[in-house]
>>> print(open('data_39.cif').read())   # mmCIF, C-alpha atoms
data_final
#
loop_
_atom_site.label_atom_id
_atom_site.label_comp_id
_atom_site.auth_asym_id
_atom_site.auth_seq_id
_atom_site.Cartn_x
_atom_site.Cartn_y
_atom_site.Cartn_z
CA MET A 178 15.60 3.59 -26.01
CA PHE A 179 13.26 4.01 -23.05
CA GLY A 180 15.43 4.19 -19.96
CA ALA A 181 16.46 0.73 -18.74
CA PHE A 182 14.80 -1.22 -21.56
CA ARG A 183 16.92 -3.17 -24.04
CA MET A 184 15.93 -3.67 -27.68
CA THR A 185 15.00 -7.38 -27.54
CA ASN A 186 13.10 -9.50 -30.04
CA PRO A 187 9.74 -9.35 -28.20
CA LEU A 188 10.15 -5.59 -27.73
CA SER A 189 10.97 -4.84 -31.35
CA GLY A 190 7.81 -6.65 -32.54
CA GLY A 191 5.76 -3.62 -31.60
CA LEU A 192 3.20 -5.63 -29.62
CA LEU A 193 4.55 -5.50 -26.08
CA TRP A 194 3.34 -2.04 -25.14
CA LYS A 195 -0.07 -2.08 -26.80
CA ILE A 196 -2.80 -0.55 -24.64
CA PRO A 197 -6.45 -1.33 -25.52
CA TRP A 198 -8.65 1.70 -26.23
CA ARG A 199 -11.20 0.66 -23.62
CA LEU A 200 -11.19 -0.81 -20.11
CA SER A 201 -11.80 -4.49 -19.48
CA LYS A 202 -14.73 -5.53 -17.27
CA PHE A 203 -12.29 -6.27 -14.44
CA GLN A 204 -10.67 -2.83 -14.72
CA LYS A 205 -14.16 -1.32 -14.70
CA ALA A 206 -15.08 -3.28 -11.58
CA ARG A 207 -11.94 -2.07 -9.82
CA GLN A 208 -12.63 1.52 -10.91
CA ARG A 209 -16.13 1.31 -9.40
CA LYS A 210 -14.62 -0.10 -6.21
CA ARG A 211 -12.13 2.76 -6.01
CA LEU A 212 -14.86 5.36 -6.57
CA LYS A 213 -16.93 3.77 -3.78
CA ALA A 214 -13.88 3.79 -1.49
CA VAL A 215 -13.43 7.54 -1.98
CA ASP A 216 -17.16 8.01 -1.35
CA SER A 217 -16.84 6.10 1.91
CA VAL A 218 -13.89 8.27 3.02
CA ILE A 219 -15.99 11.38 2.33
CA ALA A 220 -18.92 9.89 4.26
CA THR A 221 -16.69 8.99 7.22
CA LEU A 222 -15.23 12.49 7.37
CA ASP A 223 -18.71 14.00 7.08
CA THR A 224 -20.29 12.00 9.90
CA ALA A 225 -17.27 12.40 12.18
CA LEU A 226 -17.18 16.18 11.81
CA ALA A 227 -20.97 16.48 12.09
CA LYS A 228 -20.87 14.66 15.43
CA LYS A 229 -18.42 17.27 16.70
CA GLY A 230 -20.37 20.09 15.09
CA GLU A 231 -17.45 21.26 12.94
CA THR A 232 -17.51 22.08 9.22
CA LEU A 233 -14.90 21.92 6.49
CA LYS A 234 -15.31 24.16 3.45
CA ALA A 235 -13.44 21.82 1.10
CA LEU A 236 -15.66 18.94 2.18
CA GLU A 237 -18.83 20.96 1.60
CA LEU A 238 -17.59 21.93 -1.89
CA TRP A 239 -16.87 18.28 -2.75
CA LYS A 240 -20.29 17.13 -1.57
CA ALA A 241 -22.01 19.93 -3.47
CA GLU A 242 -20.43 19.46 -6.88
CA MET A 243 -19.05 15.91 -7.13
CA PRO A 244 -21.38 12.99 -7.92
CA THR A 245 -21.19 9.75 -5.97
CA GLU A 246 -20.40 6.50 -7.77
CA ALA A 247 -24.10 5.62 -7.93
CA GLU A 248 -24.97 8.97 -9.52
CA MET A 249 -22.30 8.75 -12.21
CA LEU A 250 -22.94 7.60 -15.75
CA PRO A 251 -20.73 4.70 -16.93
CA LYS A 252 -19.43 7.11 -19.57
CA ASP A 253 -18.02 9.33 -16.82
CA LYS A 254 -16.66 6.44 -14.79
CA TYR A 255 -14.64 4.88 -17.62
CA THR A 256 -13.94 7.76 -20.04
CA ILE A 257 -12.80 11.35 -19.80
CA PHE A 258 -13.17 14.45 -21.99
CA ASP A 259 -10.43 14.88 -24.60
CA ARG A 260 -10.65 17.82 -27.02
CA LYS A 261 -8.34 16.15 -29.58
CA ALA A 262 -10.26 12.85 -29.92
CA LYS A 263 -12.90 12.20 -32.58
CA ARG A 264 -15.91 12.03 -30.23
CA TYR A 265 -14.19 14.18 -27.58
CA ARG A 266 -13.73 11.23 -25.25
CA LYS A 267 -10.83 8.95 -24.37
CA GLY A 268 -10.39 6.07 -21.93
CA ILE A 269 -9.81 7.17 -18.35
CA HIS A 270 -6.93 4.67 -18.10
CA LYS A 271 -4.93 6.99 -20.34
CA VAL A 272 -4.76 9.56 -17.53
CA PRO A 273 -1.45 9.32 -15.64
CA LYS A 274 -1.92 7.95 -12.08
CA TRP A 275 -5.63 7.46 -12.91
CA THR A 276 -6.00 4.92 -10.09
CA ARG A 277 -4.78 7.44 -7.50
CA VAL A 278 -6.38 10.65 -8.75
CA SER A 279 -10.02 11.72 -8.63
CA GLN A 280 -11.60 12.50 -12.01
CA ARG A 281 -15.40 12.64 -11.94
CA LEU A 282 -16.55 15.72 -13.83
CA ASN A 283 -16.44 16.50 -17.54
CA PRO A 284 -17.59 19.59 -19.47
CA PRO A 285 -21.40 19.58 -19.79
CA GLY A 286 -22.70 18.16 -23.03
CA TYR A 287 -19.55 16.19 -23.94
CA MET B 47 -13.30 12.21 21.94
CA SER B 48 -13.27 10.36 18.64
CA TRP B 49 -10.31 9.67 16.42
CA PHE B 50 -9.59 9.04 12.76
CA ARG B 51 -7.82 5.74 12.11
CA ILE B 52 -5.93 6.42 8.86
CA THR B 53 -4.18 3.69 6.89
CA LEU B 54 -2.07 4.41 3.81
CA HIS B 55 -3.38 2.00 1.18
CA ARG B 56 -1.78 3.37 -2.01
CA SER B 57 1.70 4.84 -2.21
CA ALA B 58 2.46 8.39 -3.27
CA ILE B 59 5.30 7.43 -5.63
CA GLY B 60 5.09 9.64 -8.69
CA LEU B 61 2.59 12.01 -7.11
CA PRO B 62 3.35 15.72 -6.59
CA LYS B 63 5.52 16.92 -3.72
CA ARG B 64 2.50 18.55 -2.12
CA THR B 65 0.65 15.25 -1.80
CA ARG B 66 3.73 13.60 -0.34
CA GLY B 67 4.01 16.53 2.05
CA VAL B 68 0.45 15.97 3.24
CA LEU B 69 1.20 12.31 3.93
CA MET B 70 4.32 13.29 5.88
CA ALA B 71 2.25 15.78 7.87
CA LEU B 72 -0.14 12.97 8.74
CA GLY B 73 2.83 10.81 9.73
CA LEU B 74 2.34 8.23 6.99
CA ARG B 75 5.71 7.02 5.78
CA ARG B 76 5.05 3.61 4.23
CA ARG B 77 2.18 1.60 2.79
CA ASN B 78 -0.22 -0.05 5.23
CA GLN B 79 1.02 2.16 8.04
CA THR B 80 -1.75 3.19 10.44
CA VAL B 81 -1.87 6.48 12.31
CA PHE B 82 -4.43 8.05 14.63
CA HIS B 83 -5.48 11.69 14.62
CA PRO B 84 -8.25 13.44 16.56
CA VAL B 85 -11.43 14.32 14.71
CA GLU B 86 -10.89 17.96 13.81
CA ALA B 87 -11.38 20.04 10.67
CA GLN B 88 -7.60 20.38 10.32
CA PHE B 89 -7.02 16.64 10.02
CA ALA B 90 -10.15 16.11 7.98
CA GLY B 91 -8.79 18.60 5.45
CA MET B 92 -5.49 16.71 5.23
CA ILE B 93 -7.32 13.43 4.73
CA LEU B 94 -9.42 15.07 2.01
CA LYS B 95 -6.23 15.97 0.13
CA VAL B 96 -5.11 12.33 0.00
CA LYS B 97 -8.52 10.64 0.04
CA GLU B 98 -7.64 8.45 -2.96
CA LEU B 99 -4.68 6.92 -1.12
CA VAL B 100 -5.99 6.25 2.39
CA LEU B 101 -8.56 4.18 4.23
CA VAL B 102 -10.24 6.05 7.07
CA ASP B 103 -12.29 4.87 10.00
CA GLU B 104 -13.70 6.66 13.03
CA VAL B 105 -12.73 5.07 16.34
CA ALA B 106 -13.28 5.90 19.97
CA ALA B 107 -9.70 5.62 21.21
CA PRO B 108 -6.27 5.62 19.53
CA LEU B 109 -3.94 2.64 19.57
CA THR B 110 -0.18 2.82 20.13
CA PRO B 111 2.07 1.50 17.31
CA ALA B 112 2.75 -1.59 19.45
CA GLU B 113 -0.98 -2.26 19.75
CA VAL B 114 -1.44 -1.80 16.00
CA LYS B 115 1.33 -4.36 15.38
CA ALA B 116 -0.17 -6.75 17.95
CA GLU B 117 -3.46 -6.59 16.04
CA ARG B 118 -1.92 -8.09 12.93
CA THR B 119 0.39 -10.59 14.75
CA PRO B 120 -1.01 -14.12 14.46
CA ASP B 121 -1.18 -16.64 17.32
CA ALA B 122 2.20 -18.18 18.12
CA GLY B 123 0.60 -21.62 17.98
CA PHE B 124 2.28 -22.70 21.19
CA TYR B 125 2.66 -21.60 24.76
CA VAL B 126 5.64 -22.15 27.05
CA GLU B 127 4.83 -24.56 29.89
CA THR B 128 8.11 -24.33 31.83
CA ARG B 129 11.28 -22.57 30.86
CA GLY B 130 14.37 -24.67 31.78
CA PRO B 131 17.98 -23.44 32.26
CA ALA B 132 20.08 -22.75 29.15
CA PRO B 133 21.70 -25.98 27.76
CA ALA B 134 25.40 -26.49 28.64
CA SER B 135 26.60 -26.76 24.99
CA GLN B 136 25.08 -23.40 24.18
CA VAL B 137 26.86 -21.85 27.18
CA ALA B 138 30.18 -23.43 26.12
CA LEU B 139 29.82 -22.18 22.52
CA LEU B 140 29.03 -18.69 23.69
CA ALA B 141 31.95 -18.67 26.13
CA THR B 142 34.50 -19.76 23.49
CA PRO B 143 36.25 -16.73 21.95
CA VAL B 144 35.97 -16.36 18.18
CA VAL B 145 39.26 -17.38 16.57
CA SER B 146 40.04 -15.79 13.23
CA GLY B 147 42.12 -17.59 10.64
CA PHE B 148 42.91 -21.30 10.69
CA GLY B 149 43.40 -21.70 14.42
CA ARG B 150 41.84 -24.14 16.79
CA LEU B 151 38.23 -24.90 15.89
CA PRO B 152 35.62 -24.19 18.61
CA PRO B 153 34.22 -27.23 20.45
CA ARG B 154 31.28 -28.77 18.61
CA ALA B 155 28.10 -29.39 20.56
CA ALA B 156 27.41 -33.06 21.32
CA GLY B 157 24.89 -34.54 18.93
CA SER B 158 24.41 -36.96 16.10
CA ILE B 159 26.01 -34.68 13.53
CA GLY B 160 29.16 -34.47 15.69
CA ASP B 161 29.34 -38.27 15.93
CA PHE B 162 28.77 -38.59 12.21
CA ALA B 163 31.53 -36.07 11.56
CA SER B 164 33.97 -38.09 13.65
CA GLU B 165 32.92 -41.25 11.80
CA VAL B 166 33.59 -39.53 8.46
CA ALA B 167 36.95 -38.30 9.75
CA LYS B 168 37.95 -41.84 10.80
CA ALA B 169 36.79 -43.32 7.52
CA THR B 170 38.56 -40.79 5.29
CA GLY B 171 41.66 -40.52 7.48
CA ARG B 172 41.36 -36.74 7.93
CA LYS B 173 42.17 -35.04 11.21
CA GLU B 174 38.84 -33.22 11.61
CA VAL B 175 35.75 -32.89 9.45
CA ARG B 176 33.34 -29.94 9.56
CA LEU B 177 29.88 -30.84 8.30
#
>>> encode(input="data_39.cif", output="structure tokens")
Amino acid sequence: MFGAFRMTNPLSGGLLWKIPWRLSKFQKARQRKRLKAVDSVIATLDTALAKKGETLKALELWKAEMPTEAEMLPKDKYTIFDRKAKRYRKGIHKVPKWTRVSQRLNPPGY
Amino acid sequence: MSWFRITLHRSAIGLPKRTRGVLMALGLRRRNQTVFHPVEAQFAGMILKVKELVLVDEVAAPLTPAEVKAERTPDAGFYVETRGPAPASQVALLATPVVSGFGRLPPRAAGSIGDFASEVAKATGRKEVRL
């Protein structure tokens, strides 16, 4: 059915692959930690280059448009814009590789 | 001259080829590997591409891979006071050629297990017992 999986009793019950619509408080805590980690990488790069007097255009663009974890609304930390959903939002955990990809901005007003 | 100390914290499995290419350019092949690169815009740009996967720190001097490994090696818990000569039984075992098949068995080192084996052999009436 799905690659290496066999049709077993637990699997055919339809409960094994349920994914909740929202994040748990632990998932949210880890998401905040990951956002802060990316912020710290940006800060490290920024101070290191500033000491040498060099600039990086991509870094300047990130700092200009991307909010830090503290500036983000919880809505933006844990959900993402989805044009098909009822309120135009879905859980950020539904994004593939969401723990290894940066997703901070959504269309204004949604 | 300052350096970036870059450690790969998350793997790039399932991520696009480009991201994996950036990690290869940085020299990061496996998780928790640490590499050092000088602080320049070129390397900062590469780190920016994989910023979700790495941990970065600014350090004064780079470490060699041996030094990085020594950092995470724990104390041995002992120190060698005096190193004696190699024991005779070890030398004899090493000197004996390996015999394939059911030939003559190599000499067993003297010890309690050897005595016990001979006791078992005597008790059961077998010619030789390997324990």
>>> closest_residue(input="data_39.cif", among="A:Leu222, A:Val215, A:Val272, A:Ala181", to="Gln88 (chain B)", atoms="all atoms listed in the file")
A:Leu222
>>> interface_residues(input="data_39.cif", of="chain A", to="chain B", cutoff="12 Å", atoms="only C-alpha atoms", output="ChimeraX atom specification")
/A:208,210-240,273-280
>>> residues_around(input="data_39.cif", residues="region 115-122 of chain B", least_positions_apart="6", cutoff="10 Å", atoms="only C-alpha atoms", output="compact mmCIF listing (two decimals) with C-alpha atoms, in the frame of the given file")
# COMPACT_ATOMS: atom_id res chain seq x y z
CA GLN B 79 1.02 2.16 8.04
CA THR B 80 -1.75 3.19 10.44
CA LEU B 109 -3.94 2.64 19.57
>>> atom_distance(input="data_39.cif", atom1="CA of Leu74 (chain B)", atom2="CA of Ile52 (chain B)")
8.7 Å
>>> resolve_selection(input="data_39.cif", expression="the PyMOL selection byres ((chain A and resi 250-264) around 12)", output="PyMOL selection string")
chain A and resi 198-213+243-249+265-272+275-276+279-287
>>> atom_distance(input="data_39.cif", atom1="CA of Ala134 (chain B)", atom2="CA of Glu174 (chain B)")
22.7 Å
>>> atom_distance(input="data_39.cif", atom1="CA of Glu113 (chain B)", atom2="CA of Arg51 (chain B)")
13.0 Å
>>> build_atoms(input="data_39.cif", residues="region 248-270 of chain A", atoms="N, CA, C and O atoms", output="mmCIF file, keeping the file's coordinate frame")
data_model
loop_
_atom_site.group_PDB
_atom_site.id
_atom_site.type_symbol
_atom_site.label_atom_id
_atom_site.label_comp_id
_atom_site.auth_asym_id
_atom_site.auth_seq_id
_atom_site.Cartn_x
_atom_site.Cartn_y
_atom_site.Cartn_z
ATOM 1 N N GLU A 248 -24.373 7.916 -8.694
ATOM 2 C CA GLU A 248 -24.970 8.970 -9.520
ATOM 3 C C GLU A 248 -24.262 9.134 -10.850
ATOM 4 O O GLU A 248 -24.776 9.811 -11.738
ATOM 5 N N MET A 249 -23.086 8.527 -10.989
ATOM 6 C CA MET A 249 -22.300 8.750 -12.210
ATOM 7 C C MET A 249 -22.786 7.875 -13.352
ATOM 8 O O MET A 249 -23.210 6.733 -13.128
ATOM 9 N N LEU A 250 -22.693 8.418 -14.571
ATOM 10 C CA LEU A 250 -22.940 7.600 -15.750
ATOM 11 C C LEU A 250 -21.718 6.734 -16.008
ATOM 12 O O LEU A 250 -20.597 7.154 -15.726
ATOM 13 N N PRO A 251 -21.903 5.524 -16.594
ATOM 14 C CA PRO A 251 -20.730 4.700 -16.930
ATOM 15 C C PRO A 251 -19.747 5.463 -17.823
ATOM 16 O O PRO A 251 -18.529 5.308 -17.698
ATOM 17 N N LYS A 252 -20.294 6.315 -18.687
ATOM 18 C CA LYS A 252 -19.430 7.110 -19.570
ATOM 19 C C LYS A 252 -18.429 7.939 -18.757
ATOM 20 O O LYS A 252 -17.280 8.087 -19.138
ATOM 21 N N ASP A 253 -18.889 8.482 -17.621
ATOM 22 C CA ASP A 253 -18.020 9.330 -16.820
ATOM 23 C C ASP A 253 -17.096 8.517 -15.930
ATOM 24 O O ASP A 253 -16.058 9.019 -15.496
ATOM 25 N N LYS A 254 -17.499 7.273 -15.644
ATOM 26 C CA LYS A 254 -16.660 6.440 -14.790
ATOM 27 C C LYS A 254 -15.466 5.900 -15.572
ATOM 28 O O LYS A 254 -14.382 5.748 -15.020
ATOM 29 N N TYR A 255 -15.674 5.586 -16.868
ATOM 30 C CA TYR A 255 -14.640 4.880 -17.620
ATOM 31 C C TYR A 255 -14.009 5.714 -18.735
ATOM 32 O O TYR A 255 -13.061 5.255 -19.376
ATOM 33 N N THR A 256 -14.554 6.906 -19.025
ATOM 34 C CA THR A 256 -13.940 7.760 -20.040
ATOM 35 C C THR A 256 -13.845 9.179 -19.509
ATOM 36 O O THR A 256 -14.482 9.550 -18.524
ATOM 37 N N ILE A 257 -13.039 9.984 -20.227
ATOM 38 C CA ILE A 257 -12.800 11.350 -19.800
ATOM 39 C C ILE A 257 -12.769 12.228 -21.038
ATOM 40 O O ILE A 257 -12.460 11.774 -22.144
ATOM 41 N N PHE A 258 -13.146 13.508 -20.886
ATOM 42 C CA PHE A 258 -13.170 14.450 -21.990
ATOM 43 C C PHE A 258 -11.773 14.632 -22.572
ATOM 44 O O PHE A 258 -10.799 14.789 -21.840
ATOM 45 N N ASP A 259 -11.700 14.619 -23.914
ATOM 46 C CA ASP A 259 -10.430 14.880 -24.600
ATOM 47 C C ASP A 259 -10.735 15.695 -25.845
ATOM 48 O O ASP A 259 -11.418 15.209 -26.745
ATOM 49 N N ARG A 260 -10.245 16.945 -25.914
ATOM 50 C CA ARG A 260 -10.650 17.820 -27.020
ATOM 51 C C ARG A 260 -10.033 17.410 -28.347
ATOM 52 O O ARG A 260 -10.480 17.846 -29.389
ATOM 53 N N LYS A 261 -9.007 16.525 -28.318
ATOM 54 C CA LYS A 261 -8.340 16.150 -29.580
ATOM 55 C C LYS A 261 -8.991 14.909 -30.208
ATOM 56 O O LYS A 261 -8.780 14.623 -31.371
ATOM 57 N N ALA A 262 -9.744 14.133 -29.416
ATOM 58 C CA ALA A 262 -10.260 12.850 -29.920
ATOM 59 C C ALA A 262 -11.493 13.074 -30.782
ATOM 60 O O ALA A 262 -12.149 14.110 -30.704
ATOM 61 N N LYS A 263 -11.827 12.059 -31.592
ATOM 62 C CA LYS A 263 -12.900 12.200 -32.580
ATOM 63 C C LYS A 263 -14.230 12.524 -31.924
ATOM 64 O O LYS A 263 -14.931 13.424 -32.342
ATOM 65 N N ARG A 264 -14.632 11.777 -30.925
ATOM 66 C CA ARG A 264 -15.910 12.030 -30.230
ATOM 67 C C ARG A 264 -15.692 12.748 -28.903
ATOM 68 O O ARG A 264 -16.561 12.729 -28.057
ATOM 69 N N TYR A 265 -14.520 13.375 -28.773
ATOM 70 C CA TYR A 265 -14.190 14.180 -27.580
ATOM 71 C C TYR A 265 -14.166 13.356 -26.311
ATOM 72 O O TYR A 265 -14.410 13.864 -25.226
ATOM 73 N N ARG A 266 -13.843 12.089 -26.426
ATOM 74 C CA ARG A 266 -13.730 11.230 -25.250
ATOM 75 C C ARG A 266 -12.555 10.283 -25.443
ATOM 76 O O ARG A 266 -12.300 9.840 -26.556
ATOM 77 N N LYS A 267 -11.861 9.984 -24.321
ATOM 78 C CA LYS A 267 -10.830 8.950 -24.370
ATOM 79 C C LYS A 267 -10.932 8.114 -23.094
ATOM 80 O O LYS A 267 -11.566 8.547 -22.120
ATOM 81 N N GLY A 268 -10.328 6.957 -23.096
ATOM 82 C CA GLY A 268 -10.390 6.070 -21.930
ATOM 83 C C GLY A 268 -9.725 6.719 -20.733
ATOM 84 O O GLY A 268 -8.675 7.353 -20.840
ATOM 85 N N ILE A 269 -10.333 6.534 -19.549
ATOM 86 C CA ILE A 269 -9.810 7.170 -18.350
ATOM 87 C C ILE A 269 -8.479 6.548 -17.935
ATOM 88 O O ILE A 269 -7.693 7.145 -17.208
ATOM 89 N N HIS A 270 -8.186 5.331 -18.448
ATOM 90 C CA HIS A 270 -6.930 4.670 -18.100
ATOM 91 C C HIS A 270 -5.745 5.329 -18.781
ATOM 92 O O HIS A 270 -4.604 4.993 -18.489
#
